[in-house]
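Here is the file entry-v5.pdb (PDB, C-alpha atoms and all ligand atoms).
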```
ATOM      1  CA  MET X  13      24.195   1.532   4.057
ATOM      2  CA  SER X  14      23.910  -1.609   6.179
ATOM      3  CA  SER X  15      25.361  -5.097   5.794
ATOM      4  CA  GLU X  16      21.964  -6.571   6.674
ATOM      5  CA  ARG X  17      19.261  -6.963   4.091
ATOM      6  CA  GLY X  18      16.277  -4.635   4.512
ATOM      7  CA  ARG X  19      12.659  -5.734   4.783
ATOM      8  CA  LEU X  20       9.518  -5.439   2.696
ATOM      9  CA  ILE X  21       6.958  -3.562   4.801
ATOM     10  CA  VAL X  22       3.582  -4.447   3.306
ATOM     11  CA  VAL X  23       0.785  -2.016   4.177
ATOM     12  CA  SER X  24      -2.780  -2.888   3.174
ATOM     13  CA  GLY X  25      -6.213  -1.758   4.248
ATOM     14  CA  PRO X  26      -9.522  -0.676   2.798
ATOM     15  CA  THR X  27      -9.868   2.506   0.825
ATOM     16  CA  ALA X  28      -9.581   5.692   2.957
ATOM     17  CA  SER X  29      -8.333   3.725   5.987
ATOM     18  CA  GLY X  30      -5.365   6.066   6.355
ATOM     19  CA  LYS X  31      -2.748   3.696   4.951
ATOM     20  CA  SER X  32      -1.352   6.317   2.554
ATOM     21  CA  THR X  33      -0.917   8.847   5.354
ATOM     22  CA  LEU X  34       0.855   6.125   7.312
ATOM     23  CA  TRP X  35       3.372   5.183   4.622
ATOM     24  CA  ARG X  36       4.065   8.842   3.856
ATOM     25  CA  GLN X  37       5.124   9.221   7.473
ATOM     26  CA  LEU X  38       7.194   6.027   7.492
ATOM     27  CA  ILE X  39       9.225   6.959   4.416
ATOM     28  CA  LYS X  40      10.328  10.228   6.007
ATOM     29  CA  ARG X  41      12.833   8.113   7.930
ATOM     30  CA  GLU X  42      16.289   7.627   6.572
ATOM     31  CA  GLY X  43      16.706   4.106   5.251
ATOM     32  CA  VAL X  44      12.995   3.626   4.480
ATOM     33  CA  ASP X  45      12.049   3.670   0.800
ATOM     34  CA  PHE X  46       8.698   3.538  -0.973
ATOM     35  CA  SER X  47       7.936   1.057  -3.712
ATOM     36  CA  VAL X  48       6.448   3.113  -6.548
ATOM     37  CA  SER X  49       3.993   0.730  -8.206
ATOM     38  CA  ALA X  50       3.022   0.669 -11.840
ATOM     39  CA  THR X  51      -0.657   1.152 -12.612
ATOM     40  CA  THR X  52      -2.957   1.437 -15.599
ATOM     41  CA  ARG X  53      -5.309   3.862 -13.829
ATOM     42  CA  ASN X  54      -5.250   7.583 -14.596
ATOM     43  CA  PRO X  55      -3.407   9.990 -12.294
ATOM     44  CA  ARG X  56      -5.554  11.826  -9.732
ATOM     45  CA  LYS X  57      -5.190  15.546  -9.194
ATOM     46  CA  GLY X  58      -1.823  16.245  -7.573
ATOM     47  CA  GLU X  59      -0.328  12.834  -8.328
ATOM     48  CA  VAL X  60       3.036  12.816 -10.053
ATOM     49  CA  ASP X  61       4.240  10.147 -12.484
ATOM     50  CA  GLY X  62       7.251   8.317 -11.036
ATOM     51  CA  ARG X  63       6.610   9.576  -7.506
ATOM     52  CA  ASP X  64       3.118   8.274  -6.673
ATOM     53  CA  TYR X  65       2.895   5.630  -9.391
ATOM     54  CA  HIS X  66       4.379   4.821 -12.751
ATOM     55  CA  PHE X  67       1.297   5.522 -14.870
ATOM     56  CA  VAL X  68       1.495   3.175 -17.835
ATOM     57  CA  THR X  69      -0.673   1.874 -20.646
ATOM     58  CA  HIS X  70      -2.334  -1.513 -20.474
ATOM     59  CA  GLU X  71       0.064  -2.716 -23.204
ATOM     60  CA  GLN X  72       3.144  -1.639 -21.245
ATOM     61  CA  PHE X  73       1.787  -3.315 -18.121
ATOM     62  CA  GLN X  74       1.186  -6.596 -19.950
ATOM     63  CA  THR X  75       4.711  -6.495 -21.390
ATOM     64  CA  TRP X  76       6.131  -6.162 -17.885
ATOM     65  CA  VAL X  77       3.919  -9.032 -16.703
ATOM     66  CA  ALA X  78       5.265 -11.216 -19.533
ATOM     67  CA  GLU X  79       8.853 -10.221 -18.723
ATOM     68  CA  GLY X  80       8.436 -11.138 -15.048
ATOM     69  CA  ALA X  81       9.133  -7.549 -13.998
ATOM     70  CA  PHE X  82       6.585  -7.699 -11.178
ATOM     71  CA  LEU X  83       7.136  -9.213  -7.753
ATOM     72  CA  GLU X  84       3.346  -9.291  -7.539
ATOM     73  CA  TRP X  85       0.513  -7.717  -9.466
ATOM     74  CA  ALA X  86      -3.258  -7.645  -9.294
ATOM     75  CA  GLU X  87      -6.356  -6.108 -10.781
ATOM     76  CA  VAL X  88      -7.987  -3.698  -8.328
ATOM     77  CA  HIS X  89     -11.113  -1.596  -8.999
ATOM     78  CA  GLY X  90     -10.868  -2.644 -12.667
ATOM     79  CA  LYS X  91      -7.280  -1.416 -13.146
ATOM     80  CA  CYS X  92      -3.908  -3.200 -12.959
ATOM     81  CA  TYR X  93      -1.369  -2.492 -10.226
ATOM     82  CA  GLY X  94       2.049  -4.099  -9.774
ATOM     83  CA  THR X  95       5.218  -3.958  -7.670
ATOM     84  CA  LEU X  96       8.424  -3.632  -9.654
ATOM     85  CA  ARG X  97      10.798  -6.404  -8.602
ATOM     86  CA  ALA X  98      14.051  -4.609  -9.461
ATOM     87  CA  HIS X  99      13.210  -1.567  -7.363
ATOM     88  CA  VAL X 100      12.364  -3.633  -4.288
ATOM     89  CA  LEU X 101      15.505  -5.779  -4.536
ATOM     90  CA  GLN X 102      17.681  -2.715  -5.007
ATOM     91  CA  SER X 103      16.381  -1.213  -1.746
ATOM     92  CA  ILE X 104      16.606  -4.273   0.447
ATOM     93  CA  ASP X 105      20.015  -5.260  -0.931
ATOM     94  CA  LYS X 106      21.416  -1.964   0.241
ATOM     95  CA  GLY X 107      19.916  -2.537   3.688
ATOM     96  CA  ASN X 108      16.896  -0.246   3.390
ATOM     97  CA  ASP X 109      13.360  -1.173   4.350
ATOM     98  CA  ILE X 110      10.871  -0.595   1.553
ATOM     99  CA  VAL X 111       7.173   0.113   2.023
ATOM    100  CA  LEU X 112       4.712  -1.541  -0.370
ATOM    101  CA  GLU X 113       1.179  -0.119  -0.265
ATOM    102  CA  ILE X 114      -0.606  -2.953  -2.002
ATOM    103  CA  ASP X 115      -3.959  -4.703  -1.900
ATOM    104  CA  VAL X 116      -4.832  -8.002  -0.246
ATOM    105  CA  GLN X 117      -4.385 -10.028  -3.444
ATOM    106  CA  GLY X 118      -0.852  -8.726  -3.917
ATOM    107  CA  ALA X 119       0.057  -9.274  -0.267
ATOM    108  CA  GLY X 120      -1.133 -12.880  -0.610
ATOM    109  CA  GLN X 121       1.279 -13.406  -3.505
ATOM    110  CA  LEU X 122       4.228 -12.267  -1.363
ATOM    111  CA  VAL X 123       3.701 -14.638   1.551
ATOM    112  CA  ASP X 124       5.924 -17.318  -0.016
ATOM    113  CA  CYS X 125       8.367 -14.976  -1.740
ATOM    114  CA  ASP X 126      11.348 -15.799   0.496
ATOM    115  CA  LEU X 127      12.158 -12.153   1.204
ATOM    116  CA  PRO X 128      12.142 -10.544   4.682
ATOM    117  CA  LEU X 129       8.550  -9.457   5.116
ATOM    118  CA  VAL X 130       6.486  -7.529   7.677
ATOM    119  CA  THR X 131       2.771  -7.316   6.905
ATOM    120  CA  LEU X 132       0.436  -4.686   8.367
ATOM    121  CA  PHE X 133      -3.298  -4.232   7.868
ATOM    122  CA  VAL X 134      -4.797  -0.813   8.649
ATOM    123  CA  LEU X 135      -8.374  -0.960   9.928
ATOM    124  CA  PRO X 136     -10.768   2.012  10.127
ATOM    125  CA  PRO X 137     -12.526   2.488  13.497
ATOM    126  CA  SER X 138     -15.870   1.784  11.768
ATOM    127  CA  ARG X 139     -17.410   1.433   8.310
ATOM    128  CA  GLU X 140     -19.341   4.694   8.792
ATOM    129  CA  ILE X 141     -16.169   6.657   9.518
ATOM    130  CA  LEU X 142     -14.471   5.078   6.517
ATOM    131  CA  GLU X 143     -17.350   6.106   4.228
ATOM    132  CA  GLN X 144     -17.253   9.642   5.625
ATOM    133  CA  ARG X 145     -13.468   9.890   5.077
ATOM    134  CA  LEU X 146     -13.870   8.666   1.512
ATOM    135  CA  ARG X 147     -16.517  11.307   0.784
ATOM    136  CA  ASP X 148     -14.524  14.060   2.526
ATOM    137  CA  ARG X 149     -11.533  13.221   0.322
ATOM    138  CA  GLY X 150     -13.559  14.357  -2.671
ATOM    139  CA  THR X 151     -11.328  12.648  -5.220
ATOM    140  CA  GLU X 152     -13.787  10.028  -6.532
ATOM    141  CA  THR X 153     -17.098  10.181  -8.344
ATOM    142  CA  GLU X 154     -20.188   8.691  -6.637
ATOM    143  CA  GLU X 155     -19.888   5.636  -8.884
ATOM    144  CA  GLN X 156     -16.236   5.153  -7.896
ATOM    145  CA  ILE X 157     -17.132   5.597  -4.217
ATOM    146  CA  GLN X 158     -19.816   2.905  -4.451
ATOM    147  CA  ARG X 159     -17.450   0.553  -6.259
ATOM    148  CA  ARG X 160     -14.786   1.026  -3.582
ATOM    149  CA  LEU X 161     -17.264   0.594  -0.703
ATOM    150  CA  SER X 162     -18.611  -2.603  -2.230
ATOM    151  CA  ILE X 163     -15.268  -4.337  -1.812
ATOM    152  CA  VAL X 164     -14.469  -2.995   1.676
ATOM    153  CA  GLU X 165     -16.110  -5.926   3.490
ATOM    154  CA  LYS X 166     -14.228  -8.413   1.352
ATOM    155  CA  GLU X 167     -10.903  -6.641   1.905
ATOM    156  CA  MET X 168     -11.495  -6.474   5.665
ATOM    157  CA  SER X 169     -12.017 -10.224   5.774
ATOM    158  CA  PHE X 170      -8.318 -10.647   4.891
ATOM    159  CA  ALA X 171      -7.059  -8.641   7.899
ATOM    160  CA  GLY X 172      -6.386 -11.815   9.888
ATOM    161  CA  ASP X 173      -3.917 -13.054   7.252
ATOM    162  CA  TYR X 174      -1.558 -10.200   8.120
ATOM    163  CA  GLN X 175       1.081 -10.388  10.861
ATOM    164  CA  HIS X 176      -0.213  -7.157  12.447
ATOM    165  CA  GLN X 177      -3.588  -5.370  12.463
ATOM    166  CA  VAL X 178      -3.629  -1.715  13.515
ATOM    167  CA  VAL X 179      -6.731   0.439  14.066
ATOM    168  CA  ASN X 180      -6.646   4.018  12.795
ATOM    169  CA  ASP X 181      -8.735   5.473  15.635
ATOM    170  CA  ASP X 182      -6.151   8.160  16.282
ATOM    171  CA  PHE X 183      -3.501   8.598  13.629
ATOM    172  CA  GLU X 184      -0.574   9.546  15.880
ATOM    173  CA  ARG X 185      -1.298   6.676  18.237
ATOM    174  CA  MET X 186      -1.433   4.230  15.340
ATOM    175  CA  GLU X 187       1.752   5.618  13.837
ATOM    176  CA  ALA X 188       3.558   5.126  17.152
ATOM    177  CA  GLU X 189       2.262   1.554  17.343
ATOM    178  CA  VAL X 190       3.514   0.803  13.844
ATOM    179  CA  GLU X 191       6.926   2.339  14.536
ATOM    180  CA  GLN X 192       7.188   0.117  17.571
ATOM    181  CA  ILE X 193       6.188  -2.978  15.570
ATOM    182  CA  LEU X 194       8.877  -2.138  13.026
ATOM    183  CA  GLY X 195      11.495  -1.530  15.711
ATOM    184  CA  TYR X 196      11.865   2.144  14.714
ATOM    185  CA  ARG X 197      11.052   3.204  18.263
ATOM    186  CA  THR X 198      11.631   1.254  21.414
ATOM    187  CA  GLU X 199       9.522   2.947  24.105
ATOM    188  CA  ALA X 200       6.016   1.621  24.763
ATOM    189  CA  CYS X 201       3.154   3.605  23.215
TER     190      CYS X 201
HETATM  191  P1  LIG R   1      -5.433   3.697  -5.520
HETATM  192  O1  LIG R   1      -6.007   3.650  -6.889
HETATM  193  O2  LIG R   1      -6.425   4.220  -4.505
HETATM  194  O3  LIG R   1      -4.114   4.416  -5.448
HETATM  195  O4  LIG R   1      -5.127   2.202  -5.100
HETATM  196  C1  LIG R   1      -6.117   1.241  -5.180
HETATM  197  C2  LIG R   1      -5.666  -0.044  -4.533
HETATM  198  O5  LIG R   1      -4.555  -0.591  -5.260
HETATM  199  C3  LIG R   1      -5.201   0.129  -3.085
HETATM  200  O6  LIG R   1      -5.780  -0.927  -2.327
HETATM  201  C4  LIG R   1      -3.699  -0.052  -3.177
HETATM  202  O7  LIG R   1      -3.179  -0.598  -1.992
HETATM  203  C5  LIG R   1      -3.594  -1.027  -4.331
HETATM  204  N1  LIG R   1      -2.263  -1.039  -4.963
HETATM  205  C6  LIG R   1      -1.459   0.014  -5.228
HETATM  206  N2  LIG R   1      -0.317  -0.408  -5.780
HETATM  207  C7  LIG R   1      -0.382  -1.758  -5.845
HETATM  208  C8  LIG R   1       0.500  -2.788  -6.319
HETATM  209  O8  LIG R   1       1.612  -2.553  -6.779
HETATM  210  N3  LIG R   1       0.053  -4.067  -6.226
HETATM  211  C9  LIG R   1      -1.167  -4.378  -5.722
HETATM  212  N4  LIG R   1      -1.480  -5.679  -5.651
HETATM  213  N5  LIG R   1      -2.017  -3.453  -5.267
HETATM  214  C10 LIG R   1      -1.640  -2.163  -5.328
END
```

Please, can you express the file's structure as structure tokens?
Ligand code: 5GP
Amino acid sequence: MSSERGRLIVVSGPTASGKSTLWRQLIKREGVDFSVSATTRNPRKGEVDGRDYHFVTHEQFQTWVAEGAFLEWAEVHGKCYGTLRAHVLQSIDKGNDIVLEIDVQGAGQLVDCDLPLVTLFVLPPSREILEQRLRDRGTETEEQIQRRLSIVEKEMSFAGDYQHQVVNDDFERMEAEVEQILGYRTEAC
């Protein structure tokens, strides 16, 4: 527990850019939490309610919107996603950093939120490699893949709004770069 307030570490990037692998590594550190978002989409194979997301009904989500329970929320790929305010405040008030894996709309809502914020955008080395990674993942139908690819260009156009842009050409190299940005490691990478 630290006397200093922790930070919100916002991680965004197009689908299959490697941002999930990145945050999973970051939260292995002591003092780094993950913000479990609420969503109205269905769980994918292997996902656990309360660990990956809070999977909720559209009605529950709207109630939380009305109650102001979200620090930010947005509609992505036709489903609602939101960051639970109480969870984030709890982490940073005890001095922990908390990672938010959220889309560009949500990140835009946090810019003026008055909380300590570090924003990172994960870029794939190329669109072709991103498409290949998405197909290799095998978790989406062809229709879902096409829907996700159609918004990649738009998402990428927001990269410049982030404090840091990192390219996932080599995962370990990128991870080291991010740890340096966050002050988790001091040596040059
Ligand atoms: P997925 O369905 O692949 O888990 O996530 C789809 C998109 O929703 C990703 O771009 C992810 O970053 C975004 N997302 C996940 N949680 C949140 C959230 O709480 N708020 C916002 N704005 N986007 C989120």

Calculate, to one decimal in Å, the centre and edge lengths of the box along x, y and z of the file that holds all listed atoms of range 123-140 of chain X with 3 Å of margin on each side, and present them as AutoDock Vina command-line options.
```
--center_x -3.6 --center_y -6.3 --center_z 5.9 --size_x 37.5 --size_y 28.0 --size_z 21.2
```

Practice prompt. Figure out the distance between CA of Ser29 in chain X and CA of Arg147 in chain X, please, to one decimal in Å.
Written response: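 Interatomic distance here is 12.3 Å.
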
Worksheet entry | From X:Tyr93, X:Phe73, X:Phe133, X:Phe46, residue lying nearest ligand LIG 1 (chain R) [all atoms listed in the file] |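 Nearest candidate to ligand LIG 1 (chain R) out of X:Tyr93, X:Phe73, X:Phe133, X:Phe46: X:Tyr93.
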
Item to complete: List all protein, DNA and RNA residues that have an atom no more than 10 Å from any atom of ligand LIG 1 (chain R), counting only C-alpha atoms and all ligand atoms, and report them as a PyMOL selection string.
Response: chain X and resi 22-29+31-32+47-56+59+64-66+82-96+112-122+151-152+160+164+167

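For the residues X:Lys106, X:His176, X:Arg97, X:His70, ranking by smallest atom-to-atom distance to Ile21 in chain X using all atoms listed in the file places X:His176 first.
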
Item to complete: Figure out the distance between CA of Arg36 in chain X and CA of Val190 in chain X, please, to one decimal in Å.
Response: 12.8 Å

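Compared by their closest atoms to Leu135 in chain X, and using all atoms listed in the file, the residues X:Phe67, X:Gly30, X:Tyr174, X:Arg185 rank with X:Gly30 nearest.
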
Discussion item. One decimal, in Å: what's the spacing between CA of Glu140 in chain X and CA of Gln175 in chain X?
Written reply: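 Atom-to-atom, CA of Glu140 in chain X to CA of Gln175 in chain X, that is 25.5 Å.
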
Practice prompt. Using only C-alpha atoms, pick whichever of X:Ser169, X:Gln144, X:Gln177, X:Thr33 has the shortest atom-to-atom distance to Val130 in chain X.
Written response: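 Under the stated criterion, the closest residue is X:Gln177.
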
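Restricting the calculation to only C-alpha atoms, the smallest distance between Gly150 in chain X and any of X:Lys166, X:Arg197, X:Lys57, X:Arg63 is found for X:Lys57.
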
Can you tell me which residues surround Gln102 in chain X at a distance of at most 12 Å, considering all atoms listed in the file, apart from same-chain residues fewer than 2 positions away, and format the answer as a PDB file with C-alpha atoms, keeping the file's coordinate frame?
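Generated file (part12.pdb):
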```
ATOM      1  CA  MET X  13      24.195   1.532   4.057  1.00  0.00           C
ATOM      2  CA  ARG X  17      19.261  -6.963   4.091  1.00  0.00           C
ATOM      3  CA  GLY X  18      16.277  -4.635   4.512  1.00  0.00           C
ATOM      4  CA  ARG X  19      12.659  -5.734   4.783  1.00  0.00           C
ATOM      5  CA  LEU X  20       9.518  -5.439   2.696  1.00  0.00           C
ATOM      6  CA  ASP X  45      12.049   3.670   0.800  1.00  0.00           C
ATOM      7  CA  PHE X  46       8.698   3.538  -0.973  1.00  0.00           C
ATOM      8  CA  SER X  47       7.936   1.057  -3.712  1.00  0.00           C
ATOM      9  CA  LEU X  96       8.424  -3.632  -9.654  1.00  0.00           C
ATOM     10  CA  ARG X  97      10.798  -6.404  -8.602  1.00  0.00           C
ATOM     11  CA  ALA X  98      14.051  -4.609  -9.461  1.00  0.00           C
ATOM     12  CA  HIS X  99      13.210  -1.567  -7.363  1.00  0.00           C
ATOM     13  CA  VAL X 100      12.364  -3.633  -4.288  1.00  0.00           C
ATOM     14  CA  ILE X 104      16.606  -4.273   0.447  1.00  0.00           C
ATOM     15  CA  ASP X 105      20.015  -5.260  -0.931  1.00  0.00           C
ATOM     16  CA  LYS X 106      21.416  -1.964   0.241  1.00  0.00           C
ATOM     17  CA  GLY X 107      19.916  -2.537   3.688  1.00  0.00           C
ATOM     18  CA  ASN X 108      16.896  -0.246   3.390  1.00  0.00           C
ATOM     19  CA  ASP X 109      13.360  -1.173   4.350  1.00  0.00           C
ATOM     20  CA  ILE X 110      10.871  -0.595   1.553  1.00  0.00           C
TER      21      ILE X 110
END
```

Worksheet entry | Distance query Glu191 in chain X at most 12 Å, all atoms listed in the file, self and fewer than 5 positions along chain excluded, as a count of residues only | 19

Worksheet entry | Nearest residue to Cys125 in chain X from the set X:Ile163, X:Met168, X:Leu101, X:Asp182 (distances using all atoms listed in the file) | X:Leu101

Repaired coordinates for range 65-76 of chain X (all heavy atoms) as an mmCIF file, in the coordinates of the input:
```
data_model
loop_
_atom_site.group_PDB
_atom_site.id
_atom_site.type_symbol
_atom_site.label_atom_id
_atom_site.label_comp_id
_atom_site.auth_asym_id
_atom_site.auth_seq_id
_atom_site.Cartn_x
_atom_site.Cartn_y
_atom_site.Cartn_z
ATOM 1 N N TYR X 65 3.000 6.868 -8.599
ATOM 2 C CA TYR X 65 2.895 5.630 -9.391
ATOM 3 C C TYR X 65 3.685 5.844 -10.677
ATOM 4 O O TYR X 65 3.960 6.983 -11.068
ATOM 5 C CB TYR X 65 1.444 5.370 -9.819
ATOM 6 C CG TYR X 65 0.544 4.776 -8.765
ATOM 7 C CD1 TYR X 65 -0.424 5.563 -8.123
ATOM 8 C CD2 TYR X 65 0.618 3.421 -8.425
ATOM 9 C CE1 TYR X 65 -1.276 5.023 -7.161
ATOM 10 C CE2 TYR X 65 -0.231 2.878 -7.467
ATOM 11 C CZ TYR X 65 -1.166 3.681 -6.843
ATOM 12 O OH TYR X 65 -2.007 3.136 -5.895
ATOM 13 N N HIS X 66 3.984 4.737 -11.349
ATOM 14 C CA HIS X 66 4.379 4.821 -12.751
ATOM 15 C C HIS X 66 3.074 4.587 -13.520
ATOM 16 O O HIS X 66 2.519 3.485 -13.483
ATOM 17 C CB HIS X 66 5.407 3.738 -13.108
ATOM 18 C CG HIS X 66 6.677 3.864 -12.315
ATOM 19 N ND1 HIS X 66 7.598 4.861 -12.530
ATOM 20 C CD2 HIS X 66 7.157 3.125 -11.292
ATOM 21 C CE1 HIS X 66 8.603 4.741 -11.681
ATOM 22 N NE2 HIS X 66 8.351 3.700 -10.914
ATOM 23 N N PHE X 67 2.562 5.639 -14.137
ATOM 24 C CA PHE X 67 1.297 5.522 -14.870
ATOM 25 C C PHE X 67 1.599 5.008 -16.267
ATOM 26 O O PHE X 67 2.287 5.693 -17.046
ATOM 27 C CB PHE X 67 0.590 6.881 -14.915
ATOM 28 C CG PHE X 67 0.187 7.366 -13.549
ATOM 29 C CD1 PHE X 67 0.952 8.313 -12.871
ATOM 30 C CD2 PHE X 67 -0.954 6.860 -12.918
ATOM 31 C CE1 PHE X 67 0.583 8.760 -11.599
ATOM 32 C CE2 PHE X 67 -1.325 7.293 -11.649
ATOM 33 C CZ PHE X 67 -0.554 8.245 -10.986
ATOM 34 N N VAL X 68 1.130 3.805 -16.564
ATOM 35 C CA VAL X 68 1.495 3.175 -17.835
ATOM 36 C C VAL X 68 0.248 2.692 -18.573
ATOM 37 O O VAL X 68 -0.835 2.569 -17.989
ATOM 38 C CB VAL X 68 2.472 1.980 -17.620
ATOM 39 C CG1 VAL X 68 3.764 2.455 -16.977
ATOM 40 C CG2 VAL X 68 1.833 0.872 -16.794
ATOM 41 N N THR X 69 0.433 2.402 -19.853
ATOM 42 C CA THR X 69 -0.673 1.874 -20.646
ATOM 43 C C THR X 69 -0.881 0.393 -20.303
ATOM 44 O O THR X 69 0.000 -0.261 -19.731
ATOM 45 C CB THR X 69 -0.348 1.950 -22.145
ATOM 46 O OG1 THR X 69 0.829 1.151 -22.372
ATOM 47 C CG2 THR X 69 -0.112 3.378 -22.605
ATOM 48 N N HIS X 70 -2.045 -0.104 -20.685
ATOM 49 C CA HIS X 70 -2.334 -1.513 -20.474
ATOM 50 C C HIS X 70 -1.310 -2.390 -21.214
ATOM 51 O O HIS X 70 -0.838 -3.404 -20.697
ATOM 52 C CB HIS X 70 -3.749 -1.812 -20.956
ATOM 53 C CG HIS X 70 -4.256 -3.126 -20.476
ATOM 54 N ND1 HIS X 70 -4.606 -3.333 -19.155
ATOM 55 C CD2 HIS X 70 -4.425 -4.299 -21.119
ATOM 56 C CE1 HIS X 70 -4.972 -4.589 -19.024
ATOM 57 N NE2 HIS X 70 -4.887 -5.199 -20.191
ATOM 58 N N GLU X 71 -0.897 -1.943 -22.396
ATOM 59 C CA GLU X 71 0.064 -2.716 -23.204
ATOM 60 C C GLU X 71 1.414 -2.802 -22.488
ATOM 61 O O GLU X 71 2.027 -3.860 -22.407
ATOM 62 C CB GLU X 71 0.269 -2.066 -24.582
ATOM 63 C CG GLU X 71 -0.932 -2.161 -25.514
ATOM 64 C CD GLU X 71 -2.137 -1.349 -25.046
ATOM 65 O OE1 GLU X 71 -1.949 -0.269 -24.429
ATOM 66 O OE2 GLU X 71 -3.281 -1.802 -25.278
ATOM 67 N N GLN X 72 1.866 -1.650 -21.961
ATOM 68 C CA GLN X 72 3.144 -1.639 -21.245
ATOM 69 C C GLN X 72 3.075 -2.557 -20.027
ATOM 70 O O GLN X 72 4.007 -3.316 -19.739
ATOM 71 C CB GLN X 72 3.482 -0.202 -20.794
ATOM 72 C CG GLN X 72 4.745 -0.092 -19.954
ATOM 73 C CD GLN X 72 6.003 -0.438 -20.723
ATOM 74 O OE1 GLN X 72 6.462 0.319 -21.548
ATOM 75 N NE2 GLN X 72 6.565 -1.621 -20.463
ATOM 76 N N PHE X 73 1.942 -2.494 -19.321
ATOM 77 C CA PHE X 73 1.787 -3.315 -18.121
ATOM 78 C C PHE X 73 1.884 -4.800 -18.480
ATOM 79 O O PHE X 73 2.591 -5.568 -17.829
ATOM 80 C CB PHE X 73 0.447 -3.002 -17.433
ATOM 81 C CG PHE X 73 0.382 -3.473 -16.008
ATOM 82 C CD1 PHE X 73 0.703 -2.619 -14.955
ATOM 83 C CD2 PHE X 73 0.026 -4.784 -15.707
ATOM 84 C CE1 PHE X 73 0.666 -3.062 -13.636
ATOM 85 C CE2 PHE X 73 -0.016 -5.232 -14.395
ATOM 86 C CZ PHE X 73 0.295 -4.376 -13.354
ATOM 87 N N GLN X 74 1.180 -5.184 -19.537
ATOM 88 C CA GLN X 74 1.186 -6.596 -19.950
ATOM 89 C C GLN X 74 2.577 -7.045 -20.384
ATOM 90 O O GLN X 74 2.970 -8.189 -20.141
ATOM 91 C CB GLN X 74 0.159 -6.836 -21.075
ATOM 92 C CG GLN X 74 -1.287 -6.750 -20.601
ATOM 93 C CD GLN X 74 -1.569 -7.613 -19.369
ATOM 94 O OE1 GLN X 74 -1.049 -8.721 -19.229
ATOM 95 N NE2 GLN X 74 -2.371 -7.092 -18.459
ATOM 96 N N THR X 75 3.332 -6.152 -21.004
ATOM 97 C CA THR X 75 4.711 -6.495 -21.390
ATOM 98 C C THR X 75 5.526 -6.788 -20.145
ATOM 99 O O THR X 75 6.265 -7.781 -20.085
ATOM 100 C CB THR X 75 5.360 -5.319 -22.180
ATOM 101 O OG1 THR X 75 4.546 -5.039 -23.303
ATOM 102 C CG2 THR X 75 6.764 -5.643 -22.618
ATOM 103 N N TRP X 76 5.378 -5.937 -19.131
ATOM 104 C CA TRP X 76 6.131 -6.162 -17.885
ATOM 105 C C TRP X 76 5.692 -7.457 -17.194
ATOM 106 O O TRP X 76 6.506 -8.161 -16.625
ATOM 107 C CB TRP X 76 5.986 -4.951 -16.959
ATOM 108 C CG TRP X 76 6.856 -3.796 -17.380
ATOM 109 C CD1 TRP X 76 7.895 -3.839 -18.262
ATOM 110 C CD2 TRP X 76 6.764 -2.428 -16.947
ATOM 111 N NE1 TRP X 76 8.454 -2.586 -18.405
ATOM 112 C CE2 TRP X 76 7.784 -1.700 -17.603
ATOM 113 C CE3 TRP X 76 5.928 -1.753 -16.070
ATOM 114 C CZ2 TRP X 76 7.985 -0.334 -17.405
ATOM 115 C CZ3 TRP X 76 6.128 -0.387 -15.866
ATOM 116 C CH2 TRP X 76 7.142 0.310 -16.525
#
```
